[in-house]
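Colleague: What follows is query.csv, made up of CSV, C-alpha atoms:
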```csv
chain,number,residue,atom,x,y,z
A,1,MET,CA,76.5,132.1,16.6
A,2,ARG,CA,73.7,134.5,16.8
A,3,PHE,CA,71.6,135.7,19.7
A,4,ASP,CA,68.3,133.9,19.8
A,5,HIS,CA,66.5,134.7,23.1
A,6,VAL,CA,66.7,135.4,26.7
A,7,GLY,CA,64.5,133.0,28.8
A,8,VAL,CA,62.7,134.5,31.8
A,9,ALA,CA,61.1,132.5,34.6
A,10,ALA,CA,57.8,134.2,35.2
A,11,ARG,CA,55.0,133.9,37.7
A,12,ASP,CA,52.5,135.4,35.3
A,13,ALA,CA,53.7,135.2,31.7
A,14,ALA,CA,50.6,137.0,30.2
A,15,ALA,CA,51.0,140.0,32.4
A,16,LEU,CA,54.7,140.2,31.8
A,17,ALA,CA,54.2,139.9,28.1
A,18,ASP,CA,51.8,142.9,28.1
A,19,LEU,CA,54.4,144.9,30.1
A,20,PHE,CA,57.4,144.0,27.8
A,21,ASP,CA,55.3,144.6,24.7
A,22,ASP,CA,54.5,148.1,25.9
A,23,LEU,CA,58.0,148.7,27.2
A,24,LEU,CA,60.1,147.3,24.3
A,25,ASP,CA,57.6,147.3,21.5
A,26,ALA,CA,58.0,143.5,21.3
A,27,PRO,CA,54.7,141.9,20.3
A,28,VAL,CA,53.8,138.2,21.0
A,29,ALA,CA,55.2,136.1,18.1
A,30,HIS,CA,54.3,132.7,19.5
A,31,GLU,CA,52.7,131.0,22.5
A,32,GLU,CA,52.1,127.5,23.5
A,33,ARG,CA,51.8,125.0,26.3
A,34,PHE,CA,55.0,123.0,26.3
A,35,GLY,CA,55.2,120.2,28.7
A,36,ASP,CA,54.6,121.7,32.2
A,37,LEU,CA,55.1,125.3,30.9
A,38,ARG,CA,53.2,128.1,29.4
A,39,VAL,CA,55.7,129.7,27.0
A,40,VAL,CA,55.4,133.1,25.3
A,41,PHE,CA,57.9,134.4,22.8
A,42,LEU,CA,58.0,138.2,22.3
A,43,GLU,CA,59.8,139.4,19.1
A,44,LEU,CA,62.3,142.2,19.2
A,45,ASP,CA,63.0,144.5,16.2
A,46,ASP,CA,66.1,142.6,15.1
A,47,GLY,CA,64.4,139.2,15.2
A,48,GLY,CA,65.7,138.2,18.7
A,49,TYR,CA,63.2,137.1,21.3
A,50,LEU,CA,62.3,137.2,24.9
A,51,GLU,CA,60.9,133.8,26.1
A,52,LEU,CA,58.6,133.9,29.1
A,53,LEU,CA,58.3,130.6,31.0
A,54,GLU,CA,55.5,130.2,33.4
A,55,PRO,CA,55.0,126.9,35.2
A,56,ALA,CA,51.6,125.4,34.7
A,57,ASP,CA,52.6,122.5,37.0
A,58,ASP,CA,55.5,121.4,39.1
A,59,GLY,CA,58.8,121.1,37.2
A,60,THR,CA,62.1,122.7,36.6
A,61,ILE,CA,60.8,126.3,36.3
A,62,ALA,CA,58.5,126.0,39.3
A,63,ARG,CA,61.5,124.9,41.4
A,64,TYR,CA,63.6,127.7,39.9
A,65,LEU,CA,60.9,130.2,41.0
A,66,ASP,CA,60.8,128.7,44.5
A,67,ASN,CA,64.6,128.9,44.8
A,68,HIS,CA,65.5,132.1,43.0
A,69,GLY,CA,62.3,134.0,42.4
A,70,PRO,CA,61.4,135.3,38.9
A,71,GLY,CA,63.9,136.7,36.5
A,72,ILE,CA,66.4,135.8,33.8
A,73,HIS,CA,66.8,132.0,33.6
A,74,HIS,CA,68.9,131.3,30.5
A,75,VAL,CA,70.3,132.8,27.2
A,76,ALA,CA,69.9,131.0,23.9
A,77,PHE,CA,72.1,131.2,20.8
A,78,ALA,CA,71.0,130.1,17.3
A,79,THR,CA,73.1,127.8,15.2
A,80,ASP,CA,72.6,126.1,11.9
A,81,ASP,CA,74.6,123.0,13.2
A,82,LEU,CA,73.4,122.0,16.6
A,83,GLU,CA,75.3,118.6,16.6
A,84,GLY,CA,78.5,120.4,15.6
A,85,ALA,CA,78.0,123.0,18.4
A,86,LEU,CA,77.6,120.2,20.9
A,87,ASP,CA,80.7,118.5,19.7
A,88,ARG,CA,82.6,121.7,20.0
A,89,ALA,CA,81.3,122.2,23.6
A,90,ARG,CA,82.3,118.7,24.5
A,91,ASP,CA,85.8,119.2,23.0
A,92,LEU,CA,86.1,122.3,25.2
A,93,GLY,CA,85.3,120.2,28.3
A,94,VAL,CA,81.9,121.8,28.8
A,95,ASP,CA,79.4,119.6,30.7
A,96,LEU,CA,76.2,119.1,28.7
A,97,VAL,CA,72.7,118.9,30.1
A,98,ASP,CA,71.5,117.4,26.8
A,99,GLU,CA,74.1,115.2,25.1
A,100,THR,CA,72.0,115.2,21.9
A,101,PRO,CA,69.5,117.7,20.5
A,102,ARG,CA,65.9,117.3,21.8
A,103,PRO,CA,62.6,118.9,20.8
A,104,GLY,CA,62.2,122.3,22.4
A,105,ALA,CA,59.4,124.9,22.3
A,106,TRP,CA,58.2,126.3,19.0
A,107,GLY,CA,59.2,123.0,17.3
A,108,HIS,CA,62.9,123.8,17.4
A,109,ASP,CA,65.7,121.5,18.3
A,110,VAL,CA,67.5,122.6,21.4
A,111,ALA,CA,70.3,121.5,23.8
A,112,PHE,CA,71.4,123.0,27.1
A,113,LEU,CA,74.9,123.3,28.5
A,114,HIS,CA,75.5,123.0,32.3
A,115,PRO,CA,76.1,126.4,33.9
A,116,ARG,CA,78.8,124.9,36.2
A,117,SER,CA,81.0,124.8,33.0
A,118,THR,CA,80.0,128.3,31.7
A,119,GLY,CA,80.5,130.7,34.5
A,120,GLY,CA,77.1,130.2,36.0
A,121,VAL,CA,75.4,131.0,32.7
A,122,LEU,CA,72.7,128.5,31.6
A,123,VAL,CA,73.3,128.4,27.8
A,124,GLU,CA,70.9,126.9,25.3
A,125,PHE,CA,71.7,126.2,21.7
A,126,VAL,CA,68.8,126.4,19.3
A,127,GLU,CA,68.5,125.2,15.7
A,128,ARG,CA,65.4,126.7,14.2
B,129,MET,CA,63.8,147.8,20.5
B,130,ARG,CA,66.7,145.6,19.5
B,131,PHE,CA,68.7,143.1,21.6
B,132,ASP,CA,72.0,144.7,22.6
B,133,HIS,CA,73.6,142.4,25.1
B,134,VAL,CA,73.4,140.0,28.0
B,135,GLY,CA,75.5,141.1,31.0
B,136,VAL,CA,77.2,138.4,33.0
B,137,ALA,CA,78.7,138.7,36.4
B,138,ALA,CA,82.1,136.9,36.2
B,139,ARG,CA,84.8,136.0,38.7
B,140,ASP,CA,87.4,135.8,35.9
B,141,ALA,CA,86.3,137.7,32.8
B,142,ALA,CA,89.4,136.8,30.7
B,143,ALA,CA,89.0,133.1,31.2
B,144,LEU,CA,85.2,133.2,30.5
B,145,ALA,CA,85.9,135.4,27.4
B,146,ASP,CA,88.2,132.7,26.1
B,147,LEU,CA,85.7,130.0,26.7
B,148,PHE,CA,82.7,131.9,25.1
B,149,ASP,CA,84.9,132.9,22.1
B,150,ASP,CA,85.7,129.2,21.5
B,151,LEU,CA,82.1,128.0,22.3
B,152,LEU,CA,80.2,130.7,20.4
B,153,ASP,CA,82.8,132.0,17.9
B,154,ALA,CA,82.3,135.4,19.6
B,155,PRO,CA,85.6,137.3,19.7
B,156,VAL,CA,86.4,140.2,22.0
B,157,ALA,CA,85.1,143.4,20.5
B,158,HIS,CA,86.0,145.8,23.3
B,159,GLU,CA,87.4,145.7,26.8
B,160,GLU,CA,88.0,148.4,29.4
B,161,ARG,CA,88.3,149.3,33.1
B,162,PHE,CA,85.0,151.0,33.9
B,163,GLY,CA,84.7,152.3,37.4
B,164,ASP,CA,85.2,149.3,39.8
B,165,LEU,CA,84.8,146.8,36.9
B,166,ARG,CA,86.8,145.0,34.2
B,167,VAL,CA,84.4,144.9,31.3
B,168,VAL,CA,84.7,142.6,28.2
B,169,PHE,CA,82.3,142.7,25.3
B,170,LEU,CA,82.2,139.6,23.0
B,171,GLU,CA,80.5,140.1,19.6
B,172,LEU,CA,78.0,137.6,18.2
B,173,ASP,CA,77.4,137.0,14.5
B,174,ASP,CA,74.4,139.3,14.4
B,175,GLY,CA,76.0,142.2,16.2
B,176,GLY,CA,74.7,141.4,19.6
B,177,TYR,CA,77.1,141.1,22.5
B,178,LEU,CA,77.9,139.3,25.7
B,179,GLU,CA,79.2,141.7,28.3
B,180,LEU,CA,81.4,140.1,31.0
B,181,LEU,CA,81.6,142.1,34.3
B,182,GLU,CA,84.4,141.3,36.7
B,183,PRO,CA,84.8,143.3,39.9
B,184,ALA,CA,88.2,144.9,40.2
B,185,ASP,CA,87.1,146.3,43.5
B,186,ASP,CA,84.1,146.3,45.9
B,187,GLY,CA,80.9,147.4,44.3
B,188,THR,CA,77.6,146.3,42.9
B,189,ILE,CA,78.9,143.3,40.9
B,190,ALA,CA,81.2,142.2,43.8
B,191,ARG,CA,78.1,142.2,46.1
B,192,TYR,CA,76.1,140.4,43.4
B,193,LEU,CA,78.7,137.6,43.1
B,194,ASP,CA,78.8,137.3,46.9
B,195,ASN,CA,75.0,137.0,47.1
B,196,HIS,CA,74.1,135.1,43.9
B,197,GLY,CA,77.3,133.6,42.5
B,198,PRO,CA,78.4,134.2,38.9
B,199,GLY,CA,75.9,134.2,36.0
B,200,ILE,CA,73.5,136.3,34.0
B,201,HIS,CA,73.1,139.7,35.6
B,202,HIS,CA,71.0,141.8,33.2
B,203,VAL,CA,69.7,142.1,29.6
B,204,ALA,CA,70.2,145.3,27.6
B,205,PHE,CA,68.1,146.6,24.7
B,206,ALA,CA,69.3,149.2,22.2
B,207,THR,CA,67.2,152.3,21.5
B,208,ASP,CA,67.8,155.4,19.4
B,209,ASP,CA,65.8,157.4,21.9
B,210,LEU,CA,66.8,156.7,25.4
B,211,GLU,CA,65.0,159.6,26.9
B,212,GLY,CA,61.8,158.5,25.2
B,213,ALA,CA,62.3,154.9,26.3
B,214,LEU,CA,62.6,156.1,29.9
B,215,ASP,CA,59.5,158.3,29.5
B,216,ARG,CA,57.6,155.3,28.3
B,217,ALA,CA,58.8,153.2,31.2
B,218,ARG,CA,57.8,155.9,33.6
B,219,ASP,CA,54.3,156.1,32.0
B,220,LEU,CA,53.9,152.4,32.4
B,221,GLY,CA,54.6,152.7,36.2
B,222,VAL,CA,58.0,151.0,36.0
B,223,ASP,CA,60.5,152.0,38.7
B,224,LEU,CA,63.7,153.4,37.3
B,225,VAL,CA,67.2,152.9,38.7
B,226,ASP,CA,68.4,155.7,36.6
B,227,GLU,CA,65.9,158.6,36.1
B,228,THR,CA,68.1,160.0,33.4
B,229,PRO,CA,70.7,158.6,31.0
B,230,ARG,CA,74.2,158.2,32.4
B,231,PRO,CA,77.5,157.3,30.8
B,232,GLY,CA,77.9,153.5,30.6
B,233,ALA,CA,80.7,151.2,29.4
B,234,TRP,CA,82.1,151.6,25.9
B,235,GLY,CA,81.1,155.3,25.9
B,236,HIS,CA,77.4,154.6,25.5
B,237,ASP,CA,74.5,156.3,27.3
B,238,VAL,CA,72.6,153.8,29.5
B,239,ALA,CA,69.8,153.6,32.1
B,240,PHE,CA,68.6,150.7,34.2
B,241,LEU,CA,65.1,149.8,35.2
B,242,HIS,CA,64.3,148.3,38.6
B,243,PRO,CA,63.7,144.5,38.4
B,244,ARG,CA,60.9,144.7,41.0
B,245,SER,CA,58.8,146.3,38.2
B,246,THR,CA,59.9,144.0,35.4
B,247,GLY,CA,59.3,140.5,36.7
B,248,GLY,CA,62.7,140.2,38.4
B,249,VAL,CA,64.5,141.0,35.1
B,250,LEU,CA,67.2,143.7,35.4
B,251,VAL,CA,66.7,145.7,32.1
B,252,GLU,CA,69.2,148.1,30.7
B,253,PHE,CA,68.5,150.5,27.9
B,254,VAL,CA,71.5,151.5,25.7
B,255,GLU,CA,71.9,154.3,23.2
B,256,ARG,CA,75.0,153.7,21.2
```
Translate the structure described by the file into structure tokens.
Modeller:
Amino acid sequence: MRFDHVGVAARDAAALADLFDDLLDAPVAHEERFGDLRVVFLELDDGGYLELLEPADDGTIARYLDNHGPGIHHVAFATDDLEGALDRARDLGVDLVDETPRPGAWGHDVAFLHPRSTGGVLVEFVER
Amino acid sequence: MRFDHVGVAARDAAALADLFDDLLDAPVAHEERFGDLRVVFLELDDGGYLELLEPADDGTIARYLDNHGPGIHHVAFATDDLEGALDRARDLGVDLVDETPRPGAWGHDVAFLHPRSTGGVLVEFVER
């Protein structure tokens, strides 16, 4: 699998996007309102992304910010076969948050694995 | 800048390396004892890495595990000009953990930025 993005829980995605663009030379490649989130993708030189997630309303990320403060929330890996990747995870005994692919930000199919199975790391699989 | 790696604080780096290798098809590319840490780098298909950090002794990562539990610890970006990247960060008002490059794992020069300046994200710059 390939690195796709690091997801960051942010209190102010626009301000953080400006900072990371200046710091990393990573311009905004995409932004949207996705469910209860404002989502901003910053593109790195190699085609990887930083995804900034700001709650526009109550929800998972709002609760994450309340409990943990802002910072890195998950890491996403790109696959051309999301169903196969989930089958492999299941075979390895990994608990899945999403048993089947679901629509994610930017129109991609995504699925999350439960961090209790993966050393505390919240892993997302993405099929672009 | 390019994505270099995600650093993960792990209680058992060898077991987590086996799992991530199976899950992501990311074999071990390098491992070493670095200071008070056992460090394992797993290589992704695009040349990015997962860095697993297991404390062999007391230290920063041992304290991190005590306080936060295992999980994603930092994200690292590769640059060909680490001094220039630090100058740029300084000009942007970002607080630096390392004012100048220092030797990191795998023989690379590294420097960390303080997460209080970067939305709670612990950022590492790496010059390979």
Colleague: At what distance in Å, to one decimal, does CA of His133 in chain B lie from CA of Gly175 in chain B?
Modeller: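 Straight-line distance from CA of Gly175 in chain B to CA of His133 in chain B works out to 9.2 Å.
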Colleague: Near chain B, meaning an atom within 7 Å, which residues of chain A appear when counting all atoms listed in the file? Write them as a list in words.
Modeller: Met1, Arg2, Phe3, Ala10, Leu16, Leu23, Leu24, Asp25, Leu44, Asp45, Asp46, Gly48, Pro70, Gly71, Ile72, Arg88, Ala89, Gly119, Gly120 and Val121 of chain A
Colleague: Rank nothing, just name the residue among B:Glu227, B:Asp209, B:Glu182, B:Asp237 nearest to Val168 in chain B, using only C-alpha atoms.
Modeller: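 Among the listed residues, the smallest separation from Val168 in chain B belongs to B:Glu182.
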Colleague: Residues near Pro101 in chain A, anyone? I mean within 10 Å using all atoms listed in the file, not counting same-chain ones fewer than 2 positions away, as a list of chain:residue names.
Modeller: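 The residues that qualify are A:Leu82, A:Glu83, A:Leu86, A:Asp98, A:Glu99, A:Pro103, A:Gly104, A:His108, A:Asp109, A:Val110, A:Ala111, A:Phe112, A:Phe125, A:Val126, A:Glu127.
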Colleague: Near Glu31 in chain A, within 12 Å and counting only C-alpha atoms, which residues show up once chain neighbours fewer than 5 positions away are dropped, as a ChimeraX atom specification?
Modeller: /A:13-14,17,37-43,50-54,105-107
Colleague: Mind pulling up the distance from CA of Val97 in chain A to CA of Leu113 in chain A?
Modeller: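 For CA of Leu113 in chain A relative to CA of Val97 in chain A, the distance reads 5.2 Å.
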Colleague: For Gly187 in chain B, which of B:Arg256, B:His242, B:Phe162, B:Ala204 is the closest residue, counting all atoms listed in the file?
Modeller: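 Looking at the shortest contact to Gly187 in chain B, the residue is B:Phe162.
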Colleague: Kindly indicate which residue among B:Leu224, B:Arg230, B:Asp208, B:Gly163 lies nearest to Ile189 in chain B, using only C-alpha atoms for the distances.
Modeller: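 Among B:Leu224, B:Arg230, B:Asp208, B:Gly163, it is B:Gly163 that comes nearest to Ile189 in chain B.
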Colleague: State, in Å with one decimal place, the distance from CA of Val251 in chain B to CA of Asp149 in chain B.
Modeller: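 Value for the CA of Val251 in chain B-CA of Asp149 in chain B distance: 24.4 Å.
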